[in-house]
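As structure tokens, the structure follows; a few thoughts come after it.
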Number of protein chains: 2
Amino acid sequence: MVTERVSSLAKALEQEIIVGLLRPGERLDETSIAERFNVSRTPVREALRHLSSIGLVELRPRRGAVVASPGLKDLLEMFEVMAELEGMCGRLAARRLSERGRTELRQLHERSRVFVDDGDSDGYYEANVAFHEAIYQGGQNRFLADQTRRIRNRLAPYRRLQLRRRNRLAESFAEHDRILHAIMDGNEQLVDELLQAHVTVQGGSFTDFIASLSAELDQRVAG
Amino acid sequence: MVTERVSSLAKALEQEIIVGLLRPGERLDETSIAERFNVSRTPVREALRHLSSIGLVELRPRRGAVVASPGLKDLLEMFEVMAELEGMCGRLAARRLSERGRTELRQLHERSRVFVDDGDSDGYYEANVAFHEAIYQGGQNRFLADQTRRIRNRLAPYRRLQLRRRNRLAESFAEHDRILHAIMDGNEQLVDELLQAHVTVQGGSFTDFIASLSAELDQRVAG
DNA sequence: TCAATCGATATTGTATACAATGATAGCTTT
DNA sequence: AAAGCTATCATTGTATACAATATCGATTGA
């Protein structure tokens with residue numbers, strides 16, 4: 001993307017935000033970050049600006065940077081768009097996935113079964129990412145894949161909770177199964193619907209979903 | 001978005017790129033830009049980084065910045081995504097547009113008729129932007145509107161040629177007319193199809209479209 | 001006791017200085 | 001004459017210095 005130091009800084013900070021080490025609303029002091037990474041403020045500022053441009057950080061003029069903490073309305077809007085893009089990836093994959101890609105997707109899905117059986121949610125998390133990533137690839141549209149991934153990452157802090165829900169692993173696996181078959185059948189319409197539901201409602205009721213988002217938001221305000 | 005000087009710098013440069021003053025592939029020398037705007041290199045670098053993050057500029061490590069010049073494949077990918085998002089805006093607008101918004105959209109469309117009759121393509125360009133902007137608004141999803149606008153701007157340099165085509169004004173107006181009616185009828189499916197076709201094929205044949213993109217690309221390489 | 005104002009301090013925004021690397025031109029060699 | 005190498009130069013990357021502004025606490029007054 002860019003120069004060495006700045007890009008690794010940006011990646012490190014992005015990862016900390018995605019993983020939840022840096023939580024929404026948290027202050028991002030230029031000097032502290034500079035000291036923490038042993039660099040001057042200059043590359044830190046450039047990294048922060050990049051993160052701001054992709055929506056992970058909010059830059060308030062003369063008042064510093066904070067981890068972006070979108071309101072409930074913002075989140076719903078972002079989920080709506082993410083669902084559309086994930087659905088589009090699925091549709092394109094159903095149409096364009098190569099024979100090799102199909103085999104790979106099937107294998108990825110099969111391999112994720114063990115994590116469900118073991119109740120290994122971290123392991124499943126990785127497998128889940130790989131599954132979706134394979135669908136992105138299958139769409140044969142790198143730009144679309146980038147955009148989708150970007151929104152996905154931006155929403156990551158608010159999706160984590162969802163994944164810890166009871167039975168979520170089995171539910172997710174079952175959904176993946178249906179998605180996989182729809183892709184294999186080339187049923188674009190169905191893939192679209194299944195994927196959209198998969199990434200938004202996340203197996204629970206929509207009300208639960210909203211409630212969990214609200215909870216996350218309250219937590220932020222309280223913190 | 002950000003601090004005063006940097007953001008105005010970014011906006012100025014973005015505008016120059018969109019309008020075509022700065023052409024794809026053109027070098028963006030930090031020092032020259034700094035001198036041109038009477039600032040130091042620091043804010044220039046930050047502005048360039050922002051533009052890079054939103055895809056308008058390419059930052060090659062230690063080799064400077066250039067106006068992004070995507071290849072044909074990249075362009076097709078971006079058009080594919082833009083079409084999807086414009087279509088989504090239309091679908092949402094068909095579902096959510098308020099009575100006031102509907103009236104406004106109708107008025108905007110009616111007002112654009114004069115530009116067609118006068119053959120005033122610059123005037124129509126503005127009216128066209130306003131028409132689409134009204135649809136964005138109508139979707140009631142600010143995030144989606146931002147994303148769509150962003151891609152639209154990014155593709156602006158490659159859409160300009162299209163708009164100068166013979167008869168394009170009348171064609172575009174006719175398409176807007178169909179889109180408007182579909183929105184008024186709440187026919188989401190139809191709006192989607194019409195808008196996708198409208199923003200990609202642009203009234204001509206798809207082959208013509210590709211050809212014009214290739215031409216633009218060749219021009220870039222030659223320059 | 002509380003609110004408001006003013007000043008000290010911390011932090012951001014910008015400029016400049018320095019370091020490091022890529023580009024270029026001239027020279028050498030075959 | 002052409003290709004490769006080297007030294008110089010231009011440009012980017014980073015650090016530091018300085019300027020400007022927001023934050024926060026103390027003080028004052030009601």
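So you can find residues: chains in the structure tokens are A, B, ... in the order shown, residues in each start at 1, and ligands are numbered from 1 in order.
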| query | What are the residues of chain D that have an atom within 9 Å of an atom of chain B, counting only C-alpha atoms (C1' of nucleotides), as a list in words? | reply | DT11, DT12 and DG13 of chain D
Mind dumping the selected residues with C-alpha atoms (C1' of nucleotides) as a PDB file, in the first residue's frame?
```pdb
ATOM      1  C1'  DT D  11      12.789  13.063  -4.111  1.00  0.00           C
ATOM      2  C1'  DT D  12      10.740  10.612  -0.518  1.00  0.00           C
ATOM      3  C1'  DG D  13      10.668   9.093   4.543  1.00  0.00           C
TER       4       DG D  13
END
```
| task | May I have the residues of chain B within 9 Å of chain A, counting only C-alpha atoms, written as a count of residues only? | result | 34
| In chain A, what's helix (DSSP H, G or I) per DSSP? Answer as a VMD selection string? | chain A and resid 4 to 19 30 to 37 41 to 53 72 to 96 99 to 118 121 to 138 142 to 163 168 to 184 188 to 200 206 to 222
Please return as a PDB file with N, CA and C atoms, in the first residue's frame: the residues of segment 12-68 of chain B that backbone DSSP assigns to strand (DSSP E or B).
```pdb
ATOM      1  N   ARG B  27       2.074  12.423 -12.401  1.00  0.00           N
ATOM      2  CA  ARG B  27       2.899  12.452 -11.205  1.00  0.00           C
ATOM      3  C   ARG B  27       2.384  13.505 -10.233  1.00  0.00           C
ATOM      4  N   LEU B  28       2.455  13.203  -8.947  1.00  0.00           N
ATOM      5  CA  LEU B  28       2.057  14.177  -7.933  1.00  0.00           C
ATOM      6  C   LEU B  28       3.248  14.455  -7.034  1.00  0.00           C
ATOM      7  N   VAL B  57      -5.537   8.008  -5.677  1.00  0.00           N
ATOM      8  CA  VAL B  57      -4.111   8.213  -5.884  1.00  0.00           C
ATOM      9  C   VAL B  57      -3.385   6.918  -5.543  1.00  0.00           C
ATOM     10  N   GLU B  58      -2.304   6.699  -6.272  1.00  0.00           N
ATOM     11  CA  GLU B  58      -1.508   5.504  -6.007  1.00  0.00           C
ATOM     12  C   GLU B  58      -0.203   5.932  -5.366  1.00  0.00           C
ATOM     13  N   LEU B  59       0.124   5.340  -4.218  1.00  0.00           N
ATOM     14  CA  LEU B  59       1.351   5.691  -3.513  1.00  0.00           C
ATOM     15  C   LEU B  59       2.360   4.570  -3.681  1.00  0.00           C
ATOM     16  N   ARG B  60       3.400   4.835  -4.422  1.00  0.00           N
ATOM     17  CA  ARG B  60       4.428   3.807  -4.602  1.00  0.00           C
ATOM     18  C   ARG B  60       5.578   4.122  -3.662  1.00  0.00           C
ATOM     19  N   GLY B  64       7.069   7.997  -4.896  1.00  0.00           N
ATOM     20  CA  GLY B  64       6.131   9.088  -5.091  1.00  0.00           C
ATOM     21  C   GLY B  64       4.713   8.679  -5.409  1.00  0.00           C
ATOM     22  N   ALA B  65       3.868   9.680  -5.579  1.00  0.00           N
ATOM     23  CA  ALA B  65       2.448   9.447  -5.808  1.00  0.00           C
ATOM     24  C   ALA B  65       2.079   9.800  -7.239  1.00  0.00           C
ATOM     25  N   VAL B  66       1.145   9.059  -7.781  1.00  0.00           N
ATOM     26  CA  VAL B  66       0.583   9.371  -9.091  1.00  0.00           C
ATOM     27  C   VAL B  66      -0.938   9.272  -8.997  1.00  0.00           C
ATOM     28  N   VAL B  67      -1.614   9.975  -9.879  1.00  0.00           N
ATOM     29  CA  VAL B  67      -3.065   9.814  -9.969  1.00  0.00           C
ATOM     30  C   VAL B  67      -3.337   8.363 -10.360  1.00  0.00           C
TER      31      VAL B  67
END
```
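The neighbours of DA7 of chain D here are the residues that come within 10 Å of it, using only C-alpha atoms (C1' of nucleotides) and leaving out any residue fewer than 6 positions away in the same chain; they are C:DA25, C:DG26, C:DC27.
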Chain A contacts on chain C, only C-alpha atoms (C1' of nucleotides), 10 Å, as a compact mmCIF listing (two decimals) with N, CA, C and O atoms (P, O5', C5', C4', C3', O3' and C1' of nucleotides), in the first residue's frame:
```
# COMPACT_ATOMS: atom_id res chain seq x y z
P DT C 11 -1.12 15.01 26.65
O5' DT C 11 -1.63 15.45 25.19
C5' DT C 11 -2.95 15.94 25.04
C4' DT C 11 -3.11 16.49 23.65
C3' DT C 11 -2.38 15.70 22.56
O3' DT C 11 -3.27 15.39 21.52
C1' DT C 11 -1.88 18.00 22.38
P DT C 12 -2.87 14.50 20.28
O5' DT C 12 -3.18 15.49 19.06
C5' DT C 12 -4.45 16.12 19.00
C4' DT C 12 -4.35 17.39 18.18
C3' DT C 12 -3.97 17.17 16.71
O3' DT C 12 -4.84 17.95 15.90
C1' DT C 12 -2.52 18.75 17.70
P DG C 13 -4.76 17.79 14.30
O5' DG C 13 -3.84 19.00 13.89
C5' DG C 13 -4.42 20.29 13.78
C4' DG C 13 -3.44 21.26 13.13
C3' DG C 13 -2.93 20.82 11.76
O3' DG C 13 -2.93 21.96 10.90
C1' DG C 13 -1.10 21.19 13.20
```
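Atom CA of Val44 of chain B is positioned 24.0 Å from atom CA of Ala12 of chain A.
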| task | Please provide the set of residues having any atom within 10 Å of Pro157 of chain B, restricted to only C-alpha atoms (C1' of nucleotides), with same-chain residues fewer than 5 positions apart removed, written as a PyMOL selection string. | result | chain B and resi 17-24+69+152+216
| message | What's around Arg178 of chain B at 10 Å? Count only C-alpha atoms (C1' of nucleotides), leave out sequence neighbours fewer than 6 positions away in its own chain, and write the answer as number ranges by chain. | response | B: 172, 184, 190-191, 194-195
Atoms kept (N, CA and C atoms) for selection, written as a tab-separated table (two decimals), in the first residue's frame:
```tsv
chain	number	residue	atom	x	y	z
B	172	SER	N	-30.12	9.70	-21.85
B	172	SER	CA	-30.04	9.72	-20.39
B	172	SER	C	-31.36	10.19	-19.79
B	184	MET	N	-41.55	5.62	-8.50
B	184	MET	CA	-42.89	6.05	-8.07
B	184	MET	C	-43.81	4.85	-7.91
B	190	LEU	N	-37.37	-3.51	-10.91
B	190	LEU	CA	-37.20	-2.75	-12.16
B	190	LEU	C	-36.23	-1.59	-11.97
B	191	VAL	N	-36.38	-0.87	-10.87
B	191	VAL	CA	-35.47	0.26	-10.60
B	191	VAL	C	-34.04	-0.23	-10.61
B	194	LEU	N	-32.90	-0.99	-14.18
B	194	LEU	CA	-32.76	0.24	-14.97
B	194	LEU	C	-31.53	1.04	-14.54
B	195	LEU	N	-31.34	1.16	-13.23
B	195	LEU	CA	-30.21	1.96	-12.75
B	195	LEU	C	-28.89	1.29	-13.07
```
| Could you pull the residues within 12 Å of DA8 of chain C, counting only C-alpha atoms (C1' of nucleotides), minus those fewer than 2 positions along the same chain, as a VMD selection string? | (chain C and resid 6 10) or (chain D and resid 23 to 26)
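Here the question is which of A:Thr200, A:Ser98, A:Asn38, A:Ser8 gets nearest to Gly186 of chain A using only C-alpha atoms, and that residue is A:Ser98.
Among the candidates C:DT30, C:DT24, C:DT14, C:DT9, the one nearest to DA1 of chain D when counting only C-alpha atoms (C1' of nucleotides) is C:DT30.
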| task | Name all residues at most 12 Å from DG29 of chain D (count only C-alpha atoms (C1' of nucleotides); drop same-chain ones fewer than 6 positions away) and give them as a VMD selection string. | result | chain C and resid 2 to 5
Mind writing the picked residues with N, CA and C atoms (P, O5', C5', C4', C3', O3' and C1' of nucleotides) as a PDB file, in the first residue's frame?
```
ATOM      1  P    DC C   2     -22.893  21.932  44.649  1.00  0.00           P
ATOM      2  O5'  DC C   2     -23.078  22.913  43.409  1.00  0.00           O
ATOM      3  C5'  DC C   2     -24.169  23.838  43.409  1.00  0.00           C
ATOM      4  C4'  DC C   2     -23.869  24.973  42.452  1.00  0.00           C
ATOM      5  C3'  DC C   2     -23.236  24.537  41.125  1.00  0.00           C
ATOM      6  O3'  DC C   2     -23.974  25.104  40.061  1.00  0.00           O
ATOM      7  C1'  DC C   2     -21.992  26.303  42.079  1.00  0.00           C
ATOM      8  P    DA C   3     -23.813  24.457  38.570  1.00  0.00           P
ATOM      9  O5'  DA C   3     -23.506  25.750  37.711  1.00  0.00           O
ATOM     10  C5'  DA C   3     -24.170  26.970  38.031  1.00  0.00           C
ATOM     11  C4'  DA C   3     -23.330  28.136  37.583  1.00  0.00           C
ATOM     12  C3'  DA C   3     -22.670  27.936  36.218  1.00  0.00           C
ATOM     13  O3'  DA C   3     -22.963  29.050  35.396  1.00  0.00           O
ATOM     14  C1'  DA C   3     -21.053  28.592  37.818  1.00  0.00           C
ATOM     15  P    DA C   4     -22.609  29.052  33.839  1.00  0.00           P
ATOM     16  O5'  DA C   4     -21.437  30.124  33.790  1.00  0.00           O
ATOM     17  C5'  DA C   4     -21.552  31.302  34.579  1.00  0.00           C
ATOM     18  C4'  DA C   4     -20.214  32.028  34.596  1.00  0.00           C
ATOM     19  C3'  DA C   4     -19.465  31.969  33.265  1.00  0.00           C
ATOM     20  O3'  DA C   4     -18.922  33.243  32.985  1.00  0.00           O
ATOM     21  C1'  DA C   4     -18.093  31.156  34.991  1.00  0.00           C
ATOM     22  P    DT C   5     -18.382  33.628  31.504  1.00  0.00           P
ATOM     23  O5'  DT C   5     -16.910  34.138  31.795  1.00  0.00           O
ATOM     24  C5'  DT C   5     -16.660  34.881  32.997  1.00  0.00           C
ATOM     25  C4'  DT C   5     -15.202  34.727  33.391  1.00  0.00           C
ATOM     26  C3'  DT C   5     -14.225  34.758  32.207  1.00  0.00           C
ATOM     27  O3'  DT C   5     -13.159  35.632  32.520  1.00  0.00           O
ATOM     28  C1'  DT C   5     -13.787  32.887  33.553  1.00  0.00           C
TER      29       DT C   5
END
```
